[in-house]
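For reference, query_25.tsv (TSV, C-alpha atoms and all ligand atoms):
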chain	number	residue	atom	x	y	z
A	1	MET	CA	-8.87	-30.25	-14.95
A	2	LYS	CA	-6.33	-27.49	-15.62
A	3	ALA	CA	-3.69	-27.23	-12.89
A	4	PRO	CA	-3.93	-23.93	-11.04
A	5	HIS	CA	-1.74	-21.14	-12.39
A	6	PHE	CA	-0.62	-17.87	-10.89
A	7	SER	CA	-1.12	-14.47	-12.44
A	8	VAL	CA	2.10	-12.82	-11.27
A	9	ALA	CA	2.79	-9.09	-11.03
A	10	ASP	CA	6.36	-9.41	-9.74
A	11	ILE	CA	8.85	-11.62	-7.93
A	12	ILE	CA	11.45	-10.60	-5.36
A	13	PRO	CA	13.94	-13.45	-4.78
A	14	PHE	CA	15.10	-12.14	-1.37
A	15	SER	CA	13.29	-9.70	0.90
A	16	TRP	CA	13.77	-8.73	4.56
A	17	VAL	CA	10.53	-6.72	4.80
A	18	ASP	CA	7.82	-9.19	3.79
A	19	GLY	CA	7.62	-11.37	6.88
A	20	PRO	CA	10.05	-13.02	9.30
A	21	GLY	CA	13.59	-13.62	8.06
A	22	ASN	CA	14.73	-13.45	4.46
A	23	ARG	CA	11.95	-14.41	2.06
A	24	PHE	CA	11.10	-15.16	-1.54
A	25	VAL	CA	8.10	-12.98	-2.38
A	26	LEU	CA	5.54	-13.60	-5.09
A	27	PHE	CA	3.36	-10.56	-5.85
A	28	LEU	CA	0.10	-11.63	-7.47
A	29	GLN	CA	-1.94	-9.64	-9.94
A	30	GLY	CA	-5.46	-8.48	-9.04
A	31	CYS	CA	-7.06	-6.99	-5.94
A	32	ASN	CA	-10.57	-6.81	-4.49
A	33	PHE	CA	-9.98	-3.37	-2.94
A	34	ASN	CA	-9.06	-0.15	-4.68
A	35	CYS	CA	-7.11	1.82	-2.08
A	36	LEU	CA	-6.31	5.48	-2.62
A	37	ALA	CA	-3.03	4.88	-0.76
A	38	CYS	CA	-2.02	1.85	-2.82
A	39	HIS	CA	1.71	1.93	-3.59
A	40	ASN	CA	1.33	-0.57	-6.44
A	41	PRO	CA	-1.92	0.43	-8.20
A	42	GLN	CA	-0.76	-1.45	-11.30
A	43	THR	CA	-1.43	-4.69	-9.37
A	44	ILE	CA	-5.15	-3.90	-8.85
A	45	PRO	CA	-6.68	-4.94	-12.22
A	46	VAL	CA	-7.28	-8.68	-12.44
A	47	MET	CA	-6.73	-8.70	-16.18
A	48	THR	CA	-3.75	-6.79	-17.52
A	49	PRO	CA	-1.17	-7.46	-20.21
A	50	ARG	CA	1.54	-6.55	-17.67
A	51	SER	CA	1.04	-9.71	-15.59
A	52	THR	CA	2.80	-13.03	-16.20
A	53	ASP	CA	1.05	-16.40	-16.18
A	54	MET	CA	3.14	-18.92	-14.24
A	55	SER	CA	2.49	-22.54	-13.37
A	56	VAL	CA	3.08	-23.69	-9.80
A	57	THR	CA	6.02	-25.75	-11.08
A	58	GLU	CA	7.58	-22.65	-12.62
A	59	VAL	CA	7.23	-20.81	-9.30
A	60	ILE	CA	8.78	-23.75	-7.43
A	61	ASP	CA	11.72	-23.69	-9.85
A	62	ARG	CA	12.25	-19.99	-9.06
A	63	ILE	CA	12.01	-20.67	-5.32
A	64	ARG	CA	14.67	-23.40	-5.61
A	65	LEU	CA	17.13	-20.81	-6.97
A	66	SER	CA	16.65	-18.77	-3.76
A	67	THR	CA	16.59	-21.58	-1.20
A	68	PRO	CA	20.21	-21.23	-0.03
A	69	PHE	CA	19.43	-17.66	1.05
A	70	ILE	CA	15.84	-17.69	2.35
A	71	SER	CA	13.88	-18.89	5.36
A	72	GLY	CA	10.48	-18.74	3.76
A	73	VAL	CA	8.06	-17.81	1.00
A	74	THR	CA	5.51	-14.98	1.13
A	75	ILE	CA	2.61	-14.57	-1.28
A	76	SER	CA	1.58	-10.93	-1.55
A	77	GLY	CA	-0.37	-8.83	-4.04
A	78	GLY	CA	-2.59	-7.36	-5.22
A	79	GLU	CA	-4.67	-9.60	-3.01
A	80	ALA	CA	-3.10	-13.02	-2.59
A	81	THR	CA	-6.25	-14.90	-1.57
A	82	LEU	CA	-7.92	-14.22	-4.93
A	83	GLN	CA	-5.59	-16.98	-6.17
A	84	HIS	CA	-6.09	-19.33	-3.23
A	85	GLU	CA	-6.25	-22.48	-5.37
A	86	ALA	CA	-2.77	-21.89	-6.75
A	87	ILE	CA	-1.54	-20.95	-3.25
A	88	LEU	CA	-2.88	-24.25	-1.91
A	89	SER	CA	-1.04	-26.13	-4.64
A	90	LEU	CA	2.23	-24.22	-4.13
A	91	PHE	CA	2.28	-24.37	-0.34
A	92	SER	CA	1.27	-28.07	-0.36
A	93	GLN	CA	4.19	-28.86	-2.66
A	94	ILE	CA	6.57	-26.90	-0.42
A	95	LYS	CA	5.35	-28.73	2.69
A	96	ASN	CA	5.62	-32.14	0.98
A	97	ASP	CA	9.05	-31.68	-0.58
A	98	PRO	CA	11.92	-32.63	1.78
A	99	SER	CA	14.23	-30.15	0.04
A	100	LEU	CA	11.77	-27.25	0.60
A	101	ASN	CA	9.79	-28.06	3.72
A	102	HIS	CA	12.13	-26.08	5.99
A	103	LEU	CA	10.68	-22.93	4.37
A	104	THR	CA	7.87	-21.13	6.21
A	105	THR	CA	4.80	-20.20	4.17
A	106	PHE	CA	3.20	-16.79	4.73
A	107	ILE	CA	0.44	-14.77	3.11
A	108	ASP	CA	0.29	-11.00	2.98
A	109	SER	CA	-3.42	-10.12	2.68
A	110	ASN	CA	-5.88	-7.25	2.79
A	111	GLY	CA	-8.19	-9.62	4.72
A	112	ASN	CA	-11.04	-9.35	2.23
A	113	ALA	CA	-11.61	-13.12	2.13
A	114	ASP	CA	-14.16	-15.45	3.69
A	115	HIS	CA	-13.72	-18.38	6.08
A	116	ASP	CA	-13.93	-20.96	3.28
A	117	ILE	CA	-10.86	-19.47	1.63
A	118	TRP	CA	-8.88	-19.38	4.89
A	119	ASP	CA	-9.98	-22.94	5.70
A	120	SER	CA	-8.84	-24.15	2.28
A	121	ILE	CA	-5.25	-22.95	2.79
A	122	ALA	CA	-4.83	-22.92	6.59
A	123	SER	CA	-3.24	-26.37	6.88
A	124	VAL	CA	-0.33	-25.39	4.61
A	125	THR	CA	0.00	-21.74	5.67
A	126	ASP	CA	2.20	-20.87	8.65
A	127	GLY	CA	1.04	-17.29	9.08
A	128	VAL	CA	-0.94	-14.38	7.67
A	129	MET	CA	0.09	-10.74	7.76
A	130	LEU	CA	-3.09	-8.76	7.42
A	131	ASP	CA	-3.75	-5.07	6.72
A	132	LEU	CA	-6.38	-3.16	8.65
A	133	LYS	CA	-6.72	0.04	6.64
A	134	VAL	CA	-9.08	1.67	9.16
A	135	LEU	CA	-11.55	0.51	11.80
A	136	ASP	CA	-14.31	2.93	10.84
A	137	ASP	CA	-16.36	1.31	8.08
A	138	ALA	CA	-17.54	4.53	6.41
A	139	LEU	CA	-13.96	5.78	6.21
A	140	HIS	CA	-12.84	2.33	5.03
A	141	HIS	CA	-15.27	2.65	2.12
A	142	GLU	CA	-13.80	6.05	1.27
A	143	LEU	CA	-10.20	4.82	1.44
A	144	THR	CA	-10.57	1.40	-0.20
A	145	GLY	CA	-13.86	1.34	-2.11
A	146	GLY	CA	-15.23	-1.46	0.11
A	147	SER	CA	-16.41	-2.43	3.59
A	148	ASN	CA	-14.05	-3.68	6.30
A	149	LYS	CA	-16.57	-6.25	7.57
A	150	SER	CA	-14.76	-9.21	6.00
A	151	VAL	CA	-11.39	-7.80	7.12
A	152	LEU	CA	-12.49	-7.66	10.76
A	153	ASP	CA	-14.01	-11.10	10.41
A	154	SER	CA	-10.72	-12.44	8.97
A	155	ILE	CA	-8.72	-10.94	11.84
A	156	SER	CA	-10.97	-12.60	14.39
A	157	TYR	CA	-11.07	-15.94	12.55
A	158	LEU	CA	-7.35	-16.18	11.80
A	159	ASN	CA	-6.56	-15.33	15.42
A	160	LYS	CA	-8.94	-18.07	16.54
A	161	ILE	CA	-7.34	-20.73	14.34
A	162	GLY	CA	-3.80	-19.64	15.26
A	163	LYS	CA	-2.77	-18.33	11.85
A	164	LEU	CA	-2.70	-14.56	12.41
A	165	PHE	CA	0.97	-13.54	12.48
A	166	GLU	CA	0.56	-9.77	12.39
A	167	VAL	CA	-1.93	-6.94	11.81
A	168	ARG	CA	-0.55	-3.94	9.98
A	169	LEU	CA	-1.87	-0.38	10.22
A	170	LEU	CA	-0.98	2.06	7.46
A	171	LEU	CA	-1.34	5.46	9.11
A	172	VAL	CA	-1.86	8.69	7.19
A	173	PRO	CA	-1.65	11.95	9.17
A	174	GLY	CA	-5.00	13.75	9.22
A	175	ILE	CA	-6.74	10.92	7.34
A	176	ASN	CA	-6.93	7.87	9.63
A	177	ASP	CA	-4.78	8.77	12.65
A	178	SER	CA	-7.10	10.67	15.02
A	179	ASP	CA	-6.63	9.87	18.71
A	180	GLU	CA	-10.27	8.82	18.94
A	181	LEU	CA	-9.90	6.37	16.06
A	182	LEU	CA	-6.60	4.96	17.30
A	183	ILE	CA	-8.01	4.45	20.81
A	184	ARG	CA	-10.98	2.58	19.33
A	185	THR	CA	-8.58	0.57	17.19
A	186	SER	CA	-6.46	-0.27	20.25
A	187	ASN	CA	-9.53	-1.44	22.17
A	188	TYR	CA	-10.57	-3.56	19.21
A	189	LEU	CA	-7.13	-5.18	18.81
A	190	VAL	CA	-6.85	-5.91	22.55
A	191	SER	CA	-10.30	-7.49	22.47
A	192	ILE	CA	-9.06	-9.85	19.72
A	193	ASN	CA	-5.78	-10.76	21.41
A	194	PRO	CA	-3.77	-8.55	23.81
A	195	ALA	CA	-0.52	-10.22	22.61
A	196	LEU	CA	-1.25	-9.70	18.91
A	197	ARG	CA	1.76	-8.44	16.96
A	198	ILE	CA	1.00	-5.04	15.37
A	199	LYS	CA	3.10	-3.33	12.73
A	200	LEU	CA	2.80	0.41	12.17
A	201	ASN	CA	3.49	1.57	8.63
A	202	ALA	CA	4.04	5.22	7.82
A	203	PHE	CA	2.24	6.54	4.74
A	204	LYS	CA	4.59	7.63	1.95
A	205	ARG	CA	3.47	9.20	-1.33
A	206	HIS	CA	5.78	7.11	-3.50
A	207	GLY	CA	3.78	5.30	-6.18
A	208	VAL	CA	0.31	6.44	-5.04
A	209	ARG	CA	-2.29	7.86	-7.39
A	210	ALA	CA	-3.03	11.58	-7.79
A	211	SER	CA	-5.84	11.66	-5.21
A	212	ALA	CA	-3.48	10.61	-2.40
A	213	ARG	CA	-0.50	12.64	-3.53
A	214	GLN	CA	-1.70	15.66	-1.53
A	215	TRP	CA	-1.80	13.73	1.74
A	216	PRO	CA	0.95	14.41	4.28
A	217	GLU	CA	3.54	11.69	4.76
A	218	ALA	CA	4.03	10.11	8.17
A	219	ASN	CA	7.49	10.22	9.73
A	220	GLU	CA	9.26	8.60	12.67
A	221	SER	CA	7.81	11.09	15.16
A	222	HIS	CA	4.28	10.25	13.96
A	223	ILE	CA	5.02	6.54	14.38
A	224	GLU	CA	6.42	7.12	17.87
A	225	LYS	CA	3.28	9.06	18.83
A	226	TYR	CA	1.04	6.27	17.49
A	227	ARG	CA	3.12	3.65	19.29
A	228	LYS	CA	2.74	5.49	22.63
A	229	LEU	CA	-1.01	5.97	22.15
A	230	LEU	CA	-1.55	2.28	21.31
A	231	SER	CA	0.67	1.19	24.19
A	232	SER	CA	-1.24	3.37	26.67
A	233	HIS	CA	-4.40	1.51	25.58
A	234	GLY	CA	-3.03	-2.00	26.01
A	235	VAL	CA	-1.37	-2.68	22.63
A	236	HIS	CA	2.21	-3.50	23.61
A	237	ASN	CA	3.48	-5.87	20.91
A	238	VAL	CA	4.17	-3.18	18.31
A	239	ALA	CA	6.84	-3.81	15.69
A	301	LIG	S1	-5.44	-3.91	-0.72
A	301	LIG	FE1	-3.26	-3.55	-1.11
A	301	LIG	S2	-2.94	-4.08	-3.28
A	301	LIG	FE2	-5.15	-3.89	-2.95
A	301	LIG	S3	-5.59	-1.79	-3.56
A	301	LIG	FE3	-5.27	-1.82	-1.33
A	301	LIG	S4	-3.10	-1.34	-1.04
A	301	LIG	FE4	-3.38	-1.92	-3.21
Can you dump the structure from the file as structure tokens?
Ligand code: SF4
Amino acid sequence: MKAPHFSVADIIPFSWVDGPGNRFVLFLQGCNFNCLACHNPQTIPVMTPRSTDMSVTEVIDRIRLSTPFISGVTISGGEATLQHEAILSLFSQIKNDPSLNHLTTFIDSNGNADHDIWDSIASVTDGVMLDLKVLDDALHHELTGGSNKSVLDSISYLNKIGKLFEVRLLLVPGINDSDELLIRTSNYLVSINPALRIKLNAFKRHGVRASARQWPEANESHIEKYRKLLSSHGVHNVA
């Protein structure tokens, strides 16, 4: 049987913004959503001549070059879980190698994955950072091209098995930031876990496709307003 390979869109050897500490980040090619606000739409197609095929051994070799400077490895995308077999192989090798097993293993996901996938990688994954694009399913369809049912299910399941590190909300003024929607979102997040870590991300136009280029950007005062609204409805652990 052929050993699992990664289809890689990009590699960042050191990053401070893709999980806790300084991290090696592998961005995988291919996504099962098609978000209007995607900052890297070139990572959406599964098949593209722009991606690079890499064996797990080749990725490990790249990680070794970064080990003096990093505390962990993050697999991002695209949608990381589409390549869960290669993730299982990579993270298992990290956990079983005495020179690498001090590294934490994180996944950055859109949450559009089922329990079987999470179960297959949970034992070698330290945490998942998961995007909730919007709680309202009809609006989720408009913004991503798909339902949020599996996303909500993933949030609940990963919280239950102790693997949910953070839920991230990308907020776009006038699109998915109404008070009514944010209050519903707060109630939902508190019902999952009142101590859940939430990260608020401000929409920026950089890199997005034409349809989202007319949307207003969010700034620090928007984020502060969202933070206060969430906090007044029980969401206190906001990064
Ligand atoms: S889930 Fe992420 S990578 Fe996929 S289309 Fe949406 S923003 Fe882009």
Point (12.2, -14.9, 9.2) neighbourhood (12 Å, only C-alpha atoms) written as a VMD selection string:
chain A and resid 14 to 24 69 to 74 102 to 106 126 to 127 165
Please save C-alpha atoms of the selected residues as a CSV table (one decimal), keeping the file's coordinate frame.
chain,number,residue,atom,x,y,z
A,14,PHE,CA,15.1,-12.1,-1.4
A,15,SER,CA,13.3,-9.7,0.9
A,16,TRP,CA,13.8,-8.7,4.6
A,17,VAL,CA,10.5,-6.7,4.8
A,18,ASP,CA,7.8,-9.2,3.8
A,19,GLY,CA,7.6,-11.4,6.9
A,20,PRO,CA,10.0,-13.0,9.3
A,21,GLY,CA,13.6,-13.6,8.1
A,22,ASN,CA,14.7,-13.4,4.5
A,23,ARG,CA,12.0,-14.4,2.1
A,24,PHE,CA,11.1,-15.2,-1.5
A,69,PHE,CA,19.4,-17.7,1.0
A,70,ILE,CA,15.8,-17.7,2.4
A,71,SER,CA,13.9,-18.9,5.4
A,72,GLY,CA,10.5,-18.7,3.8
A,73,VAL,CA,8.1,-17.8,1.0
A,74,THR,CA,5.5,-15.0,1.1
A,102,HIS,CA,12.1,-26.1,6.0
A,103,LEU,CA,10.7,-22.9,4.4
A,104,THR,CA,7.9,-21.1,6.2
A,105,THR,CA,4.8,-20.2,4.2
A,106,PHE,CA,3.2,-16.8,4.7
A,126,ASP,CA,2.2,-20.9,8.6
A,127,GLY,CA,1.0,-17.3,9.1
A,165,PHE,CA,1.0,-13.5,12.5
Sorted per-residue table, chain A near ligand LIG 301 (chain A), closest atoms and distance, 7 Å, only C-alpha atoms and all ligand atoms, as JSON lines:
{"residue": "A:Cys31", "atom": "CA", "partner": "A:LIG301", "partner_atom": "FE2", "distance": 4.7}
{"residue": "A:Asn32", "atom": "CA", "partner": "A:LIG301", "partner_atom": "FE2", "distance": 6.3}
{"residue": "A:Phe33", "atom": "CA", "partner": "A:LIG301", "partner_atom": "S3", "distance": 4.7}
{"residue": "A:Asn34", "atom": "CA", "partner": "A:LIG301", "partner_atom": "S3", "distance": 4.0}
{"residue": "A:Cys35", "atom": "CA", "partner": "A:LIG301", "partner_atom": "FE3", "distance": 4.1}
{"residue": "A:Ala37", "atom": "CA", "partner": "A:LIG301", "partner_atom": "S4", "distance": 6.2}
{"residue": "A:Cys38", "atom": "CA", "partner": "A:LIG301", "partner_atom": "S4", "distance": 3.8}
{"residue": "A:His39", "atom": "CA", "partner": "A:LIG301", "partner_atom": "S4", "distance": 6.4}
{"residue": "A:Asn40", "atom": "CA", "partner": "A:LIG301", "partner_atom": "FE4", "distance": 5.9}
{"residue": "A:Pro41", "atom": "CA", "partner": "A:LIG301", "partner_atom": "FE4", "distance": 5.7}
{"residue": "A:Thr43", "atom": "CA", "partner": "A:LIG301", "partner_atom": "S2", "distance": 6.3}
{"residue": "A:Ile44", "atom": "CA", "partner": "A:LIG301", "partner_atom": "S3", "distance": 5.7}
{"residue": "A:Gly77", "atom": "CA", "partner": "A:LIG301", "partner_atom": "S2", "distance": 5.5}
{"residue": "A:Gly78", "atom": "CA", "partner": "A:LIG301", "partner_atom": "S2", "distance": 3.8}
{"residue": "A:Glu79", "atom": "CA", "partner": "A:LIG301", "partner_atom": "FE2", "distance": 5.7}
{"residue": "A:Asn110", "atom": "CA", "partner": "A:LIG301", "partner_atom": "S1", "distance": 4.9}
{"residue": "A:Thr144", "atom": "CA", "partner": "A:LIG301", "partner_atom": "FE3", "distance": 6.3}
Write a file of the just-selected residues containing C-alpha atoms, as a PDB file, keeping the file's coordinate frame.
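Done, and the output landed in out_18.pdb:
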ATOM      1  CA  CYS A  31      -7.060  -6.990  -5.940  1.00  0.00           C
ATOM      2  CA  ASN A  32     -10.570  -6.810  -4.490  1.00  0.00           C
ATOM      3  CA  PHE A  33      -9.980  -3.370  -2.940  1.00  0.00           C
ATOM      4  CA  ASN A  34      -9.060  -0.150  -4.680  1.00  0.00           C
ATOM      5  CA  CYS A  35      -7.110   1.820  -2.080  1.00  0.00           C
ATOM      6  CA  ALA A  37      -3.030   4.880  -0.760  1.00  0.00           C
ATOM      7  CA  CYS A  38      -2.020   1.850  -2.820  1.00  0.00           C
ATOM      8  CA  HIS A  39       1.710   1.930  -3.590  1.00  0.00           C
ATOM      9  CA  ASN A  40       1.330  -0.570  -6.440  1.00  0.00           C
ATOM     10  CA  PRO A  41      -1.920   0.430  -8.200  1.00  0.00           C
ATOM     11  CA  THR A  43      -1.430  -4.690  -9.370  1.00  0.00           C
ATOM     12  CA  ILE A  44      -5.150  -3.900  -8.850  1.00  0.00           C
ATOM     13  CA  GLY A  77      -0.370  -8.830  -4.040  1.00  0.00           C
ATOM     14  CA  GLY A  78      -2.590  -7.360  -5.220  1.00  0.00           C
ATOM     15  CA  GLU A  79      -4.670  -9.600  -3.010  1.00  0.00           C
ATOM     16  CA  ASN A 110      -5.880  -7.250   2.790  1.00  0.00           C
ATOM     17  CA  THR A 144     -10.570   1.400  -0.200  1.00  0.00           C
TER      18      THR A 144
END
From the list A:Leu164, A:Ile63, A:Ala86, A:Val25, the nearest residue to Ser7 in chain A using all atoms listed in the file is A:Ala86
### Query
If you measure from CA of Ser211 in chain A to CA of Leu171 in chain A, what distance in Å do you get, rounded to one decimal?
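Between CA of Ser211 in chain A and CA of Leu171 in chain A the gap works out to 16.2 Å.
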Practice prompt. Please provide the set of residues having any atom within 9 Å of Leu143 in chain A, restricted to all atoms listed in the file, with same-chain residues fewer than 3 positions apart removed, written as a ChimeraX atom specification.
Written response: /A:34-37,133-134,138-140,146
Task: Spatial neighbours of range 175-184 of chain A, 12 Å, all atoms listed in the file, chain gap at least 3 places, as a VMD selection string - done: chain A and resid 36 to 37 132 to 140 142 to 143 169 to 172 187 to 191 200 to 203 212 214 to 218 222 to 223 225 to 235
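Taking CA of Gly111 in chain A and CA of Asp61 in chain A as the two end points, the separation is 28.4 Å.
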Could you work out how far CA of Ser51 in chain A lies from CA of Asn101 in chain A, giving the answer in Å with one decimal?
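According to the coordinates, CA of Asn101 in chain A and CA of Ser51 in chain A are separated by 28.0 Å.
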Note to self: Show me, as a PyMOL selection string, the residues that have an atom within 9 Å of Lys149 in chain A when counting all atoms listed in the file, minus same-chain residues fewer than 4 positions from it.
What the structure shows: chain A and resi 112+137+153-154
Quick one: 3 Å padding each side, axis-aligned, all listed atoms of range 195-209 of chain A - centre and edge lengths in Å to one decimal, as JSON?
{"center_x": 1.7, "center_y": -0.5, "center_z": 7.6, "size_x": 14.1, "size_y": 25.4, "size_z": 36.0}
| request: May I have the residues within 12 Å of Pro4 in chain A as a PyMOL selection string, using all atoms listed in the file and disregarding those fewer than 3 positions away in the same chain? | output: chain A and resi 1+7+53-59+83-90
Output C-alpha atoms for every residue in the selection just made, as a compact mmCIF listing (two decimals), keeping the file's coordinate frame.
# COMPACT_ATOMS: atom_id res chain seq x y z
CA MET A 1 -8.87 -30.25 -14.95
CA SER A 7 -1.12 -14.47 -12.44
CA ASP A 53 1.05 -16.40 -16.18
CA MET A 54 3.14 -18.92 -14.24
CA SER A 55 2.49 -22.54 -13.37
CA VAL A 56 3.08 -23.69 -9.80
CA THR A 57 6.02 -25.75 -11.08
CA GLU A 58 7.58 -22.65 -12.62
CA VAL A 59 7.23 -20.81 -9.30
CA GLN A 83 -5.59 -16.98 -6.17
CA HIS A 84 -6.09 -19.33 -3.23
CA GLU A 85 -6.25 -22.48 -5.37
CA ALA A 86 -2.77 -21.89 -6.75
CA ILE A 87 -1.54 -20.95 -3.25
CA LEU A 88 -2.88 -24.25 -1.91
CA SER A 89 -1.04 -26.13 -4.64
CA LEU A 90 2.23 -24.22 -4.13
Contact residues around Val238 in chain A with only C-alpha atoms at 7 Å, ignoring same-chain residues under 3 positions, as a PDB file with C-alpha atoms, in the coordinates of the input:
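Produced file part14.pdb, reproduced below:
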ATOM      1  CA  ARG A 197       1.760  -8.440  16.960  1.00  0.00           C
ATOM      2  CA  ILE A 198       1.000  -5.040  15.370  1.00  0.00           C
ATOM      3  CA  LYS A 199       3.100  -3.330  12.730  1.00  0.00           C
ATOM      4  CA  ARG A 227       3.120   3.650  19.290  1.00  0.00           C
TER       5      ARG A 227
END
| Using only C-alpha atoms, which of the listed residues (A:Ile75, A:Ala80, A:Thr52, A:Phe91) sits closest to Ile121 in chain A? |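 Looking at the shortest contact to Ile121 in chain A, the residue is A:Phe91.
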>> I'd like to know which of A:Val151, A:Phe6, A:Asn237, A:Ser92 is closest to Ser120 in chain A, using all atoms listed in the file.
In response: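 Smallest separation from Ser120 in chain A among the options: A:Ser92.
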As a PDB file, in the frame of the given file, please: range 72-79 of chain A completed to all heavy atoms.
ATOM      1  N   GLY A  72      11.883 -18.503   4.035  1.00  0.00           N
ATOM      2  CA  GLY A  72      10.480 -18.740   3.760  1.00  0.00           C
ATOM      3  C   GLY A  72      10.000 -18.094   2.479  1.00  0.00           C
ATOM      4  O   GLY A  72      10.756 -17.422   1.768  1.00  0.00           O
ATOM      5  N   VAL A  73       8.712 -18.338   2.203  1.00  0.00           N
ATOM      6  CA  VAL A  73       8.060 -17.810   1.000  1.00  0.00           C
ATOM      7  C   VAL A  73       6.842 -17.002   1.442  1.00  0.00           C
ATOM      8  O   VAL A  73       6.064 -17.449   2.290  1.00  0.00           O
ATOM      9  CB  VAL A  73       7.605 -18.974   0.086  1.00  0.00           C
ATOM     10  CG1 VAL A  73       6.773 -18.456  -1.082  1.00  0.00           C
ATOM     11  CG2 VAL A  73       8.804 -19.764  -0.407  1.00  0.00           C
ATOM     12  N   THR A  74       6.689 -15.819   0.867  1.00  0.00           N
ATOM     13  CA  THR A  74       5.510 -14.980   1.130  1.00  0.00           C
ATOM     14  C   THR A  74       4.768 -14.746  -0.172  1.00  0.00           C
ATOM     15  O   THR A  74       5.381 -14.418  -1.187  1.00  0.00           O
ATOM     16  CB  THR A  74       5.935 -13.621   1.730  1.00  0.00           C
ATOM     17  OG1 THR A  74       6.539 -13.837   2.996  1.00  0.00           O
ATOM     18  CG2 THR A  74       4.729 -12.699   1.893  1.00  0.00           C
ATOM     19  N   ILE A  75       3.442 -14.935  -0.123  1.00  0.00           N
ATOM     20  CA  ILE A  75       2.610 -14.570  -1.280  1.00  0.00           C
ATOM     21  C   ILE A  75       1.913 -13.265  -0.934  1.00  0.00           C
ATOM     22  O   ILE A  75       1.182 -13.171   0.056  1.00  0.00           O
ATOM     23  CB  ILE A  75       1.529 -15.632  -1.578  1.00  0.00           C
ATOM     24  CG1 ILE A  75       2.120 -17.028  -1.563  1.00  0.00           C
ATOM     25  CG2 ILE A  75       0.842 -15.312  -2.900  1.00  0.00           C
ATOM     26  CD1 ILE A  75       2.801 -17.468  -2.785  1.00  0.00           C
ATOM     27  N   SER A  76       2.146 -12.255  -1.784  1.00  0.00           N
ATOM     28  CA  SER A  76       1.580 -10.930  -1.550  1.00  0.00           C
ATOM     29  C   SER A  76       0.782 -10.512  -2.789  1.00  0.00           C
ATOM     30  O   SER A  76       0.438 -11.342  -3.620  1.00  0.00           O
ATOM     31  CB  SER A  76       2.740  -9.957  -1.254  1.00  0.00           C
ATOM     32  OG  SER A  76       2.254  -8.695  -0.911  1.00  0.00           O
ATOM     33  N   GLY A  77       0.455  -9.239  -2.899  1.00  0.00           N
ATOM     34  CA  GLY A  77      -0.370  -8.830  -4.040  1.00  0.00           C
ATOM     35  C   GLY A  77      -0.126  -7.391  -4.404  1.00  0.00           C
ATOM     36  O   GLY A  77       0.878  -6.806  -3.997  1.00  0.00           O
ATOM     37  N   GLY A  78      -1.237  -6.848  -5.051  1.00  0.00           N
ATOM     38  CA  GLY A  78      -2.590  -7.360  -5.220  1.00  0.00           C
ATOM     39  C   GLY A  78      -3.139  -8.012  -3.955  1.00  0.00           C
ATOM     40  O   GLY A  78      -2.647  -7.766  -2.865  1.00  0.00           O
ATOM     41  N   GLU A  79      -4.150  -8.826  -4.142  1.00  0.00           N
ATOM     42  CA  GLU A  79      -4.670  -9.600  -3.010  1.00  0.00           C
ATOM     43  C   GLU A  79      -4.410 -11.080  -3.260  1.00  0.00           C
ATOM     44  O   GLU A  79      -5.000 -11.698  -4.162  1.00  0.00           O
ATOM     45  CB  GLU A  79      -6.166  -9.332  -2.807  1.00  0.00           C
ATOM     46  CG  GLU A  79      -6.829 -10.233  -1.789  1.00  0.00           C
ATOM     47  CD  GLU A  79      -6.038 -10.379  -0.476  1.00  0.00           C
ATOM     48  OE1 GLU A  79      -5.289  -9.468  -0.100  1.00  0.00           O
ATOM     49  OE2 GLU A  79      -6.158 -11.446   0.159  1.00  0.00           O
TER      50      GLU A  79
END
